[in-house]
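query_4.txt follows; it contains compact mmCIF, C-alpha atoms.
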```txt
# COMPACT_ATOMS: atom_id res chain seq x y z
CA MET A 1 75.16 87.91 38.55
CA LYS A 2 72.26 85.83 39.86
CA ASN A 3 73.50 83.26 42.38
CA THR A 4 71.02 81.23 44.44
CA THR A 5 70.65 77.55 45.25
CA ASN A 6 69.28 76.75 41.81
CA ILE A 7 70.43 79.62 39.58
CA LYS A 8 73.94 80.75 38.64
CA ILE A 9 73.61 82.97 35.58
CA PHE A 10 76.23 85.59 34.80
CA ASN A 11 76.01 88.74 32.68
CA GLY A 12 79.15 88.34 30.62
CA ASP A 13 81.08 86.37 28.03
CA CYS A 14 81.02 82.57 28.28
CA ILE A 15 84.74 82.54 27.44
CA ASP A 16 85.26 83.56 31.02
CA SER A 17 88.77 84.16 32.37
CA GLU A 18 87.38 83.87 35.91
CA LYS A 19 85.86 80.46 35.13
CA ARG A 20 82.90 81.18 37.39
CA ILE A 21 81.24 77.90 36.43
CA PRO A 22 83.40 75.18 38.05
CA ASP A 23 85.07 72.33 36.20
CA CYS A 24 83.00 69.13 35.82
CA SER A 25 79.87 70.67 37.38
CA VAL A 26 77.34 70.47 34.51
CA ASP A 27 75.14 67.45 33.76
CA LEU A 28 73.66 68.82 30.53
CA GLY A 29 74.65 71.67 28.25
CA ILE A 30 72.25 73.23 25.72
CA TYR A 31 74.01 75.73 23.46
CA ASP A 32 72.47 77.87 20.73
CA PRO A 33 75.34 80.18 19.73
CA PRO A 34 75.07 83.03 17.22
CA PHE A 35 75.27 81.46 13.77
CA GLY A 36 77.50 84.16 12.29
CA LEU A 37 74.80 85.22 9.82
CA GLY A 38 74.25 88.82 10.87
CA GLU A 39 71.29 87.94 13.10
CA SER A 40 70.87 91.53 14.24
CA GLU A 41 69.65 92.30 10.69
CA PHE A 42 67.01 89.55 10.64
CA ASP A 43 64.17 91.98 11.30
CA LYS A 44 64.10 93.02 7.65
CA HIS A 45 63.22 89.44 6.67
CA TYR A 46 60.27 89.07 9.06
CA LYS A 47 57.10 91.01 9.66
CA ARG A 48 57.50 91.75 13.35
CA ASP A 49 57.33 94.76 15.63
CA THR A 50 60.94 95.69 16.29
CA ALA A 51 59.81 97.59 19.39
CA ASN A 52 59.45 94.20 21.08
CA VAL A 53 62.95 93.04 20.14
CA ILE A 54 65.47 93.56 22.95
CA ASP A 55 68.39 95.77 21.92
CA GLY A 56 72.01 94.78 22.28
CA TYR A 57 72.26 91.46 20.43
CA THR A 58 75.93 90.53 20.12
CA GLU A 59 77.08 88.98 16.84
CA ALA A 60 79.66 86.21 16.67
CA PRO A 61 83.28 87.31 16.08
CA GLU A 62 84.61 87.29 12.51
CA ASP A 63 86.98 84.39 13.23
CA TYR A 64 84.13 81.96 13.73
CA ASP A 65 86.31 78.83 13.74
CA SER A 66 88.59 80.06 16.51
CA TRP A 67 85.71 81.43 18.59
CA THR A 68 83.74 78.17 18.28
CA GLU A 69 86.70 76.14 19.46
CA LYS A 70 87.17 78.44 22.46
CA TRP A 71 83.58 78.35 23.72
CA MET A 72 83.22 74.61 23.07
CA THR A 73 86.43 74.02 25.04
CA GLU A 74 84.77 75.85 27.93
CA ALA A 75 81.62 73.76 27.48
CA LYS A 76 83.71 70.60 27.71
CA ARG A 77 85.56 71.92 30.77
CA VAL A 78 82.38 72.48 32.78
CA MET A 79 80.73 69.20 31.69
CA LYS A 80 80.84 66.26 34.09
CA PRO A 81 82.72 63.14 32.89
CA ASN A 82 79.36 61.44 32.24
CA GLY A 83 77.60 64.64 31.13
CA SER A 84 76.33 65.50 27.68
CA MET A 85 75.67 68.58 25.56
CA TYR A 86 73.60 69.72 22.60
CA VAL A 87 74.74 72.34 20.08
CA ILE A 88 72.03 73.91 17.90
CA MET A 89 73.45 75.27 14.66
CA GLY A 90 72.53 76.40 11.16
CA HIS A 91 74.19 74.85 8.12
CA THR A 92 76.42 77.81 7.14
CA ASN A 93 78.98 77.37 9.94
CA LEU A 94 78.15 73.78 10.87
CA ARG A 95 81.67 72.67 9.91
CA SER A 96 83.09 74.94 12.65
CA VAL A 97 81.21 73.00 15.31
CA LEU A 98 82.06 69.61 13.80
CA ASN A 99 85.75 70.49 13.49
CA ALA A 100 85.96 71.94 16.99
CA ALA A 101 84.24 68.92 18.54
CA ASN A 102 86.69 66.59 16.82
CA LYS A 103 89.70 68.68 17.80
CA ILE A 104 88.86 69.04 21.51
CA GLY A 105 87.83 65.40 21.90
CA LEU A 106 84.06 65.13 22.04
CA HIS A 107 82.13 62.02 21.05
CA GLU A 108 79.17 62.55 18.71
CA ILE A 109 76.20 60.52 19.95
CA ASN A 110 73.67 61.80 17.41
CA HIS A 111 73.31 64.36 14.67
CA MET A 112 69.67 65.45 14.61
CA VAL A 113 67.72 67.84 12.43
CA TRP A 114 65.08 70.18 13.80
CA LYS A 115 62.50 70.88 11.08
CA TYR A 116 60.46 74.01 11.79
CA ASN A 117 57.38 75.41 10.12
CA PHE A 118 58.76 78.20 7.94
CA GLY A 119 61.91 79.67 6.48
CA VAL A 120 62.77 82.90 4.67
CA TYR A 121 61.32 82.87 1.13
CA THR A 122 64.00 82.55 -1.56
CA LYS A 123 64.01 82.73 -5.37
CA LYS A 124 67.51 81.56 -6.24
CA LYS A 125 67.94 78.60 -3.90
CA TYR A 126 65.94 76.18 -1.75
CA VAL A 127 64.24 77.49 1.38
CA THR A 128 66.12 76.62 4.55
CA SER A 129 63.64 75.41 7.18
CA HIS A 130 65.78 73.36 9.52
CA TYR A 131 68.59 73.58 12.06
CA HIS A 132 71.12 70.96 13.08
CA ILE A 133 71.34 69.62 16.64
CA LEU A 134 74.63 67.94 17.58
CA TYR A 135 74.53 65.67 20.64
CA TYR A 136 77.91 65.14 22.33
CA SER A 137 79.51 63.40 25.28
CA ASN A 138 83.06 62.93 26.48
CA ILE A 139 85.07 60.28 24.67
CA GLY A 140 85.47 56.97 26.49
CA SER A 141 84.06 53.46 26.37
CA THR A 142 82.91 53.72 30.00
CA VAL A 143 81.04 57.02 29.56
CA LYS A 144 77.33 56.41 30.13
CA VAL A 145 75.33 59.59 29.73
CA THR A 146 71.85 60.13 31.10
CA PHE A 147 69.19 59.20 28.58
CA ASN A 148 65.59 58.64 29.66
CA PRO A 149 63.93 56.74 26.78
CA ASN A 150 60.47 56.66 28.36
CA CYS A 151 60.32 60.21 29.72
CA ARG A 152 57.63 61.22 27.21
CA PHE A 153 56.03 58.02 25.87
CA GLY A 154 55.67 54.43 26.93
CA SER A 155 56.96 51.63 24.72
CA GLN A 156 53.41 50.39 24.12
CA GLU A 157 51.80 53.73 23.20
CA LYS A 158 50.44 54.03 19.65
CA ASP A 159 49.24 56.87 17.46
CA ASP A 160 45.91 56.83 15.58
CA ASN A 161 47.50 54.81 12.77
CA GLY A 162 48.94 52.19 15.09
CA GLY A 163 52.49 53.52 14.93
CA SER A 164 54.75 53.76 17.96
CA LEU A 165 54.66 57.22 19.57
CA LEU A 166 57.98 56.49 21.28
CA TYR A 167 59.70 55.48 18.04
CA LYS A 168 58.45 58.65 16.35
CA ASP A 169 59.64 60.82 19.24
CA LEU A 170 63.07 59.20 19.17
CA GLU A 171 63.61 59.69 15.43
CA ASP A 172 66.48 62.05 14.68
CA VAL A 173 64.30 64.50 12.77
CA PHE A 174 62.34 66.70 15.18
CA VAL A 175 59.28 68.38 13.67
CA ILE A 176 58.52 71.24 16.09
CA ASN A 177 56.97 74.55 15.13
CA LYS A 178 58.51 77.86 16.05
CA GLU A 179 56.55 79.92 18.57
CA PHE A 180 54.68 83.10 17.71
CA ALA A 181 54.26 85.69 20.43
CA PRO A 182 54.20 89.04 18.59
CA SER A 183 53.40 91.13 21.66
CA GLU A 184 56.11 89.68 23.91
CA LYS A 185 59.60 91.04 24.44
CA LYS A 186 62.21 88.76 22.92
CA ASN A 187 65.80 88.47 21.76
CA GLN A 188 66.55 88.21 18.03
CA ASN A 189 65.69 84.52 17.93
CA LYS A 190 63.79 82.27 20.32
CA LEU A 191 63.87 78.50 20.50
CA PRO A 192 60.51 76.79 21.15
CA ASN A 193 59.86 75.67 24.72
CA GLU A 194 58.80 72.28 23.33
CA LEU A 195 62.23 71.70 21.79
CA ILE A 196 64.16 72.64 24.94
CA LYS A 197 61.85 70.64 27.21
CA LYS A 198 62.37 67.57 25.04
CA LEU A 199 66.16 67.82 25.29
CA ILE A 200 66.03 68.40 29.05
CA LEU A 201 63.68 65.49 29.75
CA TYR A 202 65.60 62.99 27.66
CA SER A 203 69.09 63.99 28.82
CA SER A 204 68.83 65.02 32.47
CA ASN A 205 67.16 64.17 35.76
CA GLU A 206 65.49 66.30 38.41
CA GLY A 207 68.10 68.15 40.45
CA ASP A 208 70.72 68.05 37.67
CA MET A 209 72.61 71.15 36.56
CA VAL A 210 71.73 72.42 33.06
CA CYS A 211 73.99 74.99 31.41
CA ASP A 212 73.49 77.49 28.59
CA PHE A 213 76.29 79.82 27.50
CA PHE A 214 74.00 81.90 25.26
CA MET A 215 70.88 82.47 27.37
CA GLY A 216 69.32 84.98 24.94
CA ASN A 217 65.61 84.61 25.71
CA PHE A 218 66.46 82.46 28.75
CA THR A 219 64.36 79.60 27.33
CA THR A 220 66.78 77.02 28.74
CA ALA A 221 66.59 78.69 32.14
CA TYR A 222 62.78 78.94 32.23
CA CYS A 223 62.31 75.33 31.13
CA SER A 224 65.02 73.94 33.42
CA ILE A 225 63.69 75.58 36.56
CA MET A 226 60.10 74.59 35.83
CA LEU A 227 61.23 70.99 35.26
CA GLY A 228 63.09 70.86 38.56
CA ARG A 229 66.61 71.28 37.21
CA ASN A 230 69.28 73.70 38.42
CA VAL A 231 70.59 76.13 35.82
CA CYS A 232 73.78 78.04 35.13
CA GLY A 233 75.23 79.98 32.23
CA TYR A 234 75.93 83.34 30.66
CA GLU A 235 74.20 86.12 28.75
CA ILE A 236 76.45 88.79 27.29
CA ASN A 237 73.64 91.23 26.45
CA LYS A 238 72.90 93.26 29.59
CA ASN A 239 69.49 94.34 28.28
CA SER A 240 68.40 90.75 27.86
CA PHE A 241 69.96 89.71 31.16
CA ASP A 242 68.23 92.50 33.10
CA TYR A 243 64.87 91.82 31.44
CA HIS A 244 64.79 88.10 32.23
CA ILE A 245 66.70 87.64 35.48
CA ASP A 246 63.96 88.84 37.83
CA LYS A 247 61.37 86.76 35.97
CA ILE A 248 63.58 83.72 36.44
CA ASP A 249 63.89 84.44 40.15
CA ALA A 250 60.11 84.54 40.50
CA LEU A 251 59.62 81.05 39.04
CA GLU A 252 58.61 78.22 41.34
CA PHE A 253 61.20 75.46 41.15
CA GLY A 254 59.65 72.34 39.61
CA SER A 255 56.30 74.02 38.95
CA GLY A 256 56.05 72.53 35.45
CA LEU A 257 56.47 68.91 36.52
CA LYS A 258 52.78 68.58 37.36
CA ASP A 259 51.88 69.45 33.77
CA LEU A 260 53.89 66.60 32.24
CA ARG A 261 51.86 63.72 30.86
CA LEU A 262 51.92 60.60 33.00
CA VAL A 263 53.93 57.90 31.22
CA ASN A 264 53.13 54.27 32.00
CA ASN A 265 55.74 52.16 30.27
CA ILE A 266 54.56 48.59 29.77
CA VAL A 267 57.35 46.19 28.85
CA PRO A 268 56.66 42.59 27.68
CA LEU A 269 57.42 40.16 30.53
CA ASN A 270 59.81 38.08 28.41
CA GLN A 271 61.64 40.97 26.78
CA GLY A 272 65.37 40.26 26.71
CA LYS A 273 65.01 36.70 27.98
CA PRO A 274 66.48 33.77 26.02
CA ILE A 275 64.06 32.00 23.70
CA SER A 276 63.91 28.23 23.30
CA GLU A 277 63.67 26.30 20.07
CA ASN A 278 60.30 24.96 21.24
CA GLU A 279 58.96 28.51 21.69
CA GLU A 280 60.20 29.49 18.24
CA ASN A 281 58.34 26.54 16.74
CA GLU A 282 55.16 27.47 18.64
CA ILE A 283 55.33 31.03 17.36
CA TYR A 284 55.85 29.88 13.78
CA GLU A 285 53.04 27.31 13.99
CA TYR A 286 50.63 29.89 15.39
CA TYR A 287 51.60 32.31 12.62
CA CYS A 288 50.99 29.74 9.86
CA ASN A 289 47.64 28.66 11.27
CA GLU A 290 46.35 32.21 11.62
CA LEU A 291 47.64 33.14 8.16
CA LYS A 292 45.45 30.37 6.72
CA LYS A 293 42.47 32.11 8.30
CA LYS A 294 43.24 35.13 6.09
CA LYS A 295 44.28 37.30 9.03
CA LYS A 296 46.51 40.28 8.37
CA LYS A 297 50.15 39.81 9.30
CA LYS A 298 50.05 42.90 11.52
CA VAL A 299 47.15 41.45 13.52
CA ILE A 300 48.91 38.10 13.89
CA SER A 301 52.07 39.85 15.08
CA GLU A 302 50.12 41.77 17.74
CA GLU A 303 48.49 38.52 18.93
CA LEU A 304 51.89 36.83 19.13
CA GLN A 305 53.34 39.74 21.09
CA GLN A 306 50.56 39.42 23.63
CA LYS A 307 50.54 35.60 23.77
CA PHE A 308 54.31 35.15 24.15
CA GLN A 309 55.06 38.47 25.90
CA ARG A 310 57.71 39.43 23.38
CA GLY A 311 58.33 42.73 21.65
CA LYS A 312 57.32 43.54 18.06
CA PHE A 313 60.84 43.24 16.65
CA SER A 314 61.56 40.07 18.60
CA ILE A 315 58.51 38.40 17.03
CA LYS A 316 59.50 39.69 13.59
CA ASN A 317 63.05 38.35 13.92
CA ILE A 318 61.80 34.96 15.06
CA LEU A 319 59.34 34.70 12.18
CA ASP A 320 61.96 35.82 9.63
CA LYS A 321 64.31 33.16 10.95
CA MET A 322 61.70 30.40 10.93
CA ILE A 323 60.36 31.29 7.49
CA GLU A 324 63.88 31.20 6.05
CA LYS A 325 64.63 27.93 7.84
CA ASN A 326 61.51 26.26 6.47
CA LYS A 327 62.25 27.49 2.94
CA MET A 328 65.62 25.78 3.08
CA ASN A 329 64.02 22.53 4.27
CA GLU A 330 61.47 22.44 1.42
```
Any chance you could put this one into structure tokens?
Amino acid sequence: MKNTTNIKIFNGDCIDSEKRIPDCSVDLGIYDPPFGLGESEFDKHYKRDTANVIDGYTEAPEDYDSWTEKWMTEAKRVMKPNGSMYVIMGHTNLRSVLNAANKIGLHEINHMVWKYNFGVYTKKKYVTSHYHILYYSNIGSTVKVTFNPNCRFGSQEKDDNGGSLLYKDLEDVFVINKEFAPSEKKNQNKLPNELIKKLILYSSNEGDMVCDFFMGNFTTAYCSIMLGRNVCGYEINKNSFDYHIDKIDALEFGSGLKDLRLVNNIVPLNQGKPISENEENEIYEYYCNELKKKKKKKVISEELQQKFQRGKFSIKNILDKMIEKNKMNE
């Protein structure tokens, strides 16, 4: 066991009769359980040096449904009333997670898809190149989980084509490449740091406790500590535990925070404020006048956003309303 101020990681099974992680102590859970696909045999599908793969990977039990319900019950037990958790899962046993979540009383906030850059080549079916990410909280109308919408991009930030970087980052399909480090020691499968960092930043705050029941390559632990989060969890494979635990101990808490991009979120001054009929008429009049000058609608919208300090969708809704209103009056 590693037990310091910031780290409580145990070498053992997450279905822990001793319940060494206390009830209601976890702000965010990130769980990437074995998929029940014979992962220890994956080496034959990939061109990689097996000498760098850590021995001792433990497969999921044969009764995948029962096992999933047991570990997810533990994940719910340790989660704070306003905590949240992500479960990363392939499609084969996805129903086990969905059924267990429903049975033990978890609320599904989102069902995302992580699209990665390659899958195993197949001849008799389509190539699988994605995993599912289930985002859960406790059930209850008063449950308000941590979600930091501007932790990575400001509302006003645009890409080279003028699209919203924030909107793209919040879409429920994540396009993130797998990492290649052929000379590094690793467990059977490793999640990209970029994926784990994204989940941690959106769904936790500095000083929060992040939990992972299947540490594997300890990606959750490395990312959590570097982002100033506490970390707890389990790793059943002693070889993997022994390899990573001292490296974790050597990390400087919060050392990765300085590398995060500075986000300056600029919000229109009138966002969320009531709008008068007079202001609606002014917006519509401006739109019609500029349209006569052969300006593009996108340009006019941007000018209106700036002039009236309203958001893009607010301006669109106002114009849609006024256009429809004037059609009816014709």
Could you list, as a compact mmCIF listing (two decimals) with C-alpha atoms, keeping the file's coordinate frame, every residue within 12 Å of stretch 305-320 of chain A, counting all atoms listed in the file and ignoring same-chain residues fewer than 3 positions away?
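Heads up, here's the output in out.txt:
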```txt
# COMPACT_ATOMS: atom_id res chain seq x y z
CA SER A 155 56.96 51.63 24.72
CA GLN A 156 53.41 50.39 24.12
CA GLY A 163 52.49 53.52 14.93
CA SER A 164 54.75 53.76 17.96
CA ILE A 266 54.56 48.59 29.77
CA VAL A 267 57.35 46.19 28.85
CA PRO A 268 56.66 42.59 27.68
CA LEU A 269 57.42 40.16 30.53
CA ASN A 270 59.81 38.08 28.41
CA GLN A 271 61.64 40.97 26.78
CA GLY A 272 65.37 40.26 26.71
CA LYS A 273 65.01 36.70 27.98
CA PRO A 274 66.48 33.77 26.02
CA ILE A 275 64.06 32.00 23.70
CA SER A 276 63.91 28.23 23.30
CA GLU A 277 63.67 26.30 20.07
CA ASN A 278 60.30 24.96 21.24
CA GLU A 279 58.96 28.51 21.69
CA GLU A 280 60.20 29.49 18.24
CA ASN A 281 58.34 26.54 16.74
CA GLU A 282 55.16 27.47 18.64
CA ILE A 283 55.33 31.03 17.36
CA TYR A 284 55.85 29.88 13.78
CA GLU A 285 53.04 27.31 13.99
CA TYR A 286 50.63 29.89 15.39
CA TYR A 287 51.60 32.31 12.62
CA CYS A 288 50.99 29.74 9.86
CA LYS A 297 50.15 39.81 9.30
CA LYS A 298 50.05 42.90 11.52
CA VAL A 299 47.15 41.45 13.52
CA ILE A 300 48.91 38.10 13.89
CA SER A 301 52.07 39.85 15.08
CA GLU A 302 50.12 41.77 17.74
CA ILE A 323 60.36 31.29 7.49
CA GLU A 324 63.88 31.20 6.05
CA LYS A 325 64.63 27.93 7.84
CA ASN A 326 61.51 26.26 6.47
CA LYS A 327 62.25 27.49 2.94
```
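Here atom CA of A:Phe147 stands at a distance of 5.3 Å from atom CA of A:Tyr202.
Here atom CA of A:Tyr31 is placed at a distance of 4.8 Å from atom CA of A:Val87.
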For this session: Considering only C-alpha atoms, state which residue in the set A:Cys223, A:Leu166, A:Met79, A:Ile88 is at the smallest distance from A:Val145.
Result: A:Met79
For this session: Do a neighbour search on A:Phe214 at 8 Å with all atoms listed in the file, toss out local chain neighbours closer than 5 positions, and write the hits as a ChimeraX atom specification.
Result: /A:14,31-33,233-236
Exercise. What gap, in Å, lies between atom CA of A:Thr146 and atom CA of A:Leu257?
Worked result: 18.5 Å
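Ranking A:Ala221, A:Val127, A:Met112, A:Leu195 by their shortest atom-to-atom distance to A:Asp172, with only C-alpha atoms included, puts A:Met112 first.
Considering only C-alpha atoms, the residue among A:Ser25, A:Ser129, A:Asn193, A:Asn230 positioned nearest to A:Asp208 is A:Asn230.
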Exercise. A:Asp23: which residues within 8 Å, counting only C-alpha atoms, same-chain residues fewer than 4 positions away excluded, as JSON, numbers by chain?
Worked result: {"A": [77, 78, 79, 80]}
For this session: Tell me which of A:Ala75, A:His130, A:Lys190, A:Tyr86 sits closest to A:Ile104, counting all atoms listed in the file.
Result: A:Ala75
With 8 Å added on each side, what axis-aligned box encloses every listed atom of stretch 119-130 of chain A? Give the centre and edge lengths in Å to one decimal, as AutoDock Vina command-line options.
```
--center_x 64.6 --center_y 78.1 --center_z 1.6 --size_x 22.6 --size_y 25.5 --size_z 31.8
```
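Between A:Lys198 and the residues A:Asp169, A:Asp160, A:Asp27, A:Glu74, the shortest atom-to-atom distance, using all atoms listed in the file, involves A:Asp169.
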Exercise. What residues have an atom no more than 12 Å from (74.0, 64.6, 32.3) in the file's own frame, counting all atoms listed in the file, and can you write them as a ChimeraX atom specification?
Worked result: /A:24-30,78-86,135-138,143-148,199-211,229-230
For the residues in the current selection, export C-alpha atoms as a tab-separated table (two decimals), keeping the file's coordinate frame.
```
chain	number	residue	atom	x	y	z
A	24	CYS	CA	83.00	69.13	35.82
A	25	SER	CA	79.87	70.67	37.38
A	26	VAL	CA	77.34	70.47	34.51
A	27	ASP	CA	75.14	67.45	33.76
A	28	LEU	CA	73.66	68.82	30.53
A	29	GLY	CA	74.65	71.67	28.25
A	30	ILE	CA	72.25	73.23	25.72
A	78	VAL	CA	82.38	72.48	32.78
A	79	MET	CA	80.73	69.20	31.69
A	80	LYS	CA	80.84	66.26	34.09
A	81	PRO	CA	82.72	63.14	32.89
A	82	ASN	CA	79.36	61.44	32.24
A	83	GLY	CA	77.60	64.64	31.13
A	84	SER	CA	76.33	65.50	27.68
A	85	MET	CA	75.67	68.58	25.56
A	86	TYR	CA	73.60	69.72	22.60
A	135	TYR	CA	74.53	65.67	20.64
A	136	TYR	CA	77.91	65.14	22.33
A	137	SER	CA	79.51	63.40	25.28
A	138	ASN	CA	83.06	62.93	26.48
A	143	VAL	CA	81.04	57.02	29.56
A	144	LYS	CA	77.33	56.41	30.13
A	145	VAL	CA	75.33	59.59	29.73
A	146	THR	CA	71.85	60.13	31.10
A	147	PHE	CA	69.19	59.20	28.58
A	148	ASN	CA	65.59	58.64	29.66
A	199	LEU	CA	66.16	67.82	25.29
A	200	ILE	CA	66.03	68.40	29.05
A	201	LEU	CA	63.68	65.49	29.75
A	202	TYR	CA	65.60	62.99	27.66
A	203	SER	CA	69.09	63.99	28.82
A	204	SER	CA	68.83	65.02	32.47
A	205	ASN	CA	67.16	64.17	35.76
A	206	GLU	CA	65.49	66.30	38.41
A	207	GLY	CA	68.10	68.15	40.45
A	208	ASP	CA	70.72	68.05	37.67
A	209	MET	CA	72.61	71.15	36.56
A	210	VAL	CA	71.73	72.42	33.06
A	211	CYS	CA	73.99	74.99	31.41
A	229	ARG	CA	66.61	71.28	37.21
A	230	ASN	CA	69.28	73.70	38.42
```
Exercise. Hey, what's within 9 Å of A:Gly256 if we count only C-alpha atoms and toss same-chain stuff fewer than 5 positions away? As a PyMOL selection string, please?
Worked result: chain A and resi 223+225-228
Output C-alpha atoms for every residue in the selection just made, as a CSV table (one decimal), keeping the file's coordinate frame.
```
chain,number,residue,atom,x,y,z
A,223,CYS,CA,62.3,75.3,31.1
A,225,ILE,CA,63.7,75.6,36.6
A,226,MET,CA,60.1,74.6,35.8
A,227,LEU,CA,61.2,71.0,35.3
A,228,GLY,CA,63.1,70.9,38.6
```
Excluding A:Lys168 and any residue of its chain fewer than 4 positions from it, enumerate the residues within 12 Å of it, using only C-alpha atoms, and give them as a tab-separated table (two decimals) with C-alpha atoms, in the coordinates of the input.
```
chain	number	residue	atom	x	y	z
A	149	PRO	CA	63.93	56.74	26.78
A	152	ARG	CA	57.63	61.22	27.21
A	153	PHE	CA	56.03	58.02	25.87
A	154	GLY	CA	55.67	54.43	26.93
A	155	SER	CA	56.96	51.63	24.72
A	157	GLU	CA	51.80	53.73	23.20
A	158	LYS	CA	50.44	54.03	19.65
A	159	ASP	CA	49.24	56.87	17.46
A	162	GLY	CA	48.94	52.19	15.09
A	163	GLY	CA	52.49	53.52	14.93
A	164	SER	CA	54.75	53.76	17.96
A	172	ASP	CA	66.48	62.05	14.68
A	173	VAL	CA	64.30	64.50	12.77
A	174	PHE	CA	62.34	66.70	15.18
A	175	VAL	CA	59.28	68.38	13.67
```
Write out N, CA and C atoms for stretch 18-37 of chain A, as a PDB file, in the frame of the given file.
```pdb
ATOM      1  N   GLU A  18      87.568  84.185  34.492  1.00  0.00           N
ATOM      2  CA  GLU A  18      87.380  83.870  35.910  1.00  0.00           C
ATOM      3  C   GLU A  18      86.870  82.443  36.123  1.00  0.00           C
ATOM      4  N   LYS A  19      86.392  81.828  35.050  1.00  0.00           N
ATOM      5  CA  LYS A  19      85.860  80.460  35.130  1.00  0.00           C
ATOM      6  C   LYS A  19      84.902  80.308  36.300  1.00  0.00           C
ATOM      7  N   ARG A  20      83.851  81.149  36.265  1.00  0.00           N
ATOM      8  CA  ARG A  20      82.900  81.180  37.390  1.00  0.00           C
ATOM      9  C   ARG A  20      82.007  79.945  37.453  1.00  0.00           C
ATOM     10  N   ILE A  21      81.910  79.204  36.370  1.00  0.00           N
ATOM     11  CA  ILE A  21      81.240  77.900  36.430  1.00  0.00           C
ATOM     12  C   ILE A  21      82.345  76.865  36.628  1.00  0.00           C
ATOM     13  N   PRO A  22      82.299  76.098  37.714  1.00  0.00           N
ATOM     14  CA  PRO A  22      83.400  75.180  38.050  1.00  0.00           C
ATOM     15  C   PRO A  22      83.582  74.056  37.043  1.00  0.00           C
ATOM     16  N   ASP A  23      84.772  73.504  37.015  1.00  0.00           N
ATOM     17  CA  ASP A  23      85.070  72.330  36.200  1.00  0.00           C
ATOM     18  C   ASP A  23      84.133  71.176  36.584  1.00  0.00           C
ATOM     19  N   CYS A  24      83.736  70.395  35.594  1.00  0.00           N
ATOM     20  CA  CYS A  24      83.000  69.130  35.820  1.00  0.00           C
ATOM     21  C   CYS A  24      81.786  69.324  36.743  1.00  0.00           C
ATOM     22  N   SER A  25      81.021  70.384  36.510  1.00  0.00           N
ATOM     23  CA  SER A  25      79.870  70.670  37.380  1.00  0.00           C
ATOM     24  C   SER A  25      78.532  70.596  36.646  1.00  0.00           C
ATOM     25  N   VAL A  26      78.563  70.389  35.324  1.00  0.00           N
ATOM     26  CA  VAL A  26      77.340  70.470  34.510  1.00  0.00           C
ATOM     27  C   VAL A  26      76.929  69.075  34.019  1.00  0.00           C
ATOM     28  N   ASP A  27      75.666  68.728  34.249  1.00  0.00           N
ATOM     29  CA  ASP A  27      75.140  67.450  33.760  1.00  0.00           C
ATOM     30  C   ASP A  27      74.745  67.529  32.293  1.00  0.00           C
ATOM     31  N   LEU A  28      74.159  68.656  31.904  1.00  0.00           N
ATOM     32  CA  LEU A  28      73.660  68.820  30.530  1.00  0.00           C
ATOM     33  C   LEU A  28      73.895  70.237  30.049  1.00  0.00           C
ATOM     34  N   GLY A  29      74.497  70.371  28.883  1.00  0.00           N
ATOM     35  CA  GLY A  29      74.650  71.670  28.250  1.00  0.00           C
ATOM     36  C   GLY A  29      73.727  71.788  27.044  1.00  0.00           C
ATOM     37  N   ILE A  30      73.072  72.944  26.900  1.00  0.00           N
ATOM     38  CA  ILE A  30      72.250  73.230  25.720  1.00  0.00           C
ATOM     39  C   ILE A  30      72.722  74.567  25.171  1.00  0.00           C
ATOM     40  N   TYR A  31      73.347  74.546  23.994  1.00  0.00           N
ATOM     41  CA  TYR A  31      74.010  75.730  23.460  1.00  0.00           C
ATOM     42  C   TYR A  31      73.469  76.095  22.087  1.00  0.00           C
ATOM     43  N   ASP A  32      72.996  77.322  21.981  1.00  0.00           N
ATOM     44  CA  ASP A  32      72.470  77.870  20.730  1.00  0.00           C
ATOM     45  C   ASP A  32      73.250  79.145  20.424  1.00  0.00           C
ATOM     46  N   PRO A  33      74.485  79.011  19.940  1.00  0.00           N
ATOM     47  CA  PRO A  33      75.340  80.180  19.730  1.00  0.00           C
ATOM     48  C   PRO A  33      74.875  81.008  18.539  1.00  0.00           C
ATOM     49  N   PRO A  34      75.307  82.268  18.450  1.00  0.00           N
ATOM     50  CA  PRO A  34      75.070  83.030  17.220  1.00  0.00           C
ATOM     51  C   PRO A  34      75.631  82.258  16.029  1.00  0.00           C
ATOM     52  N   PHE A  35      74.892  82.263  14.929  1.00  0.00           N
ATOM     53  CA  PHE A  35      75.270  81.460  13.770  1.00  0.00           C
ATOM     54  C   PHE A  35      76.287  82.146  12.856  1.00  0.00           C
ATOM     55  N   GLY A  36      76.588  83.418  13.151  1.00  0.00           N
ATOM     56  CA  GLY A  36      77.500  84.160  12.290  1.00  0.00           C
ATOM     57  C   GLY A  36      76.858  84.578  10.989  1.00  0.00           C
ATOM     58  N   LEU A  37      75.552  84.884  11.033  1.00  0.00           N
ATOM     59  CA  LEU A  37      74.800  85.220   9.820  1.00  0.00           C
ATOM     60  C   LEU A  37      74.285  86.662   9.829  1.00  0.00           C
TER      61      LEU A  37
END
```
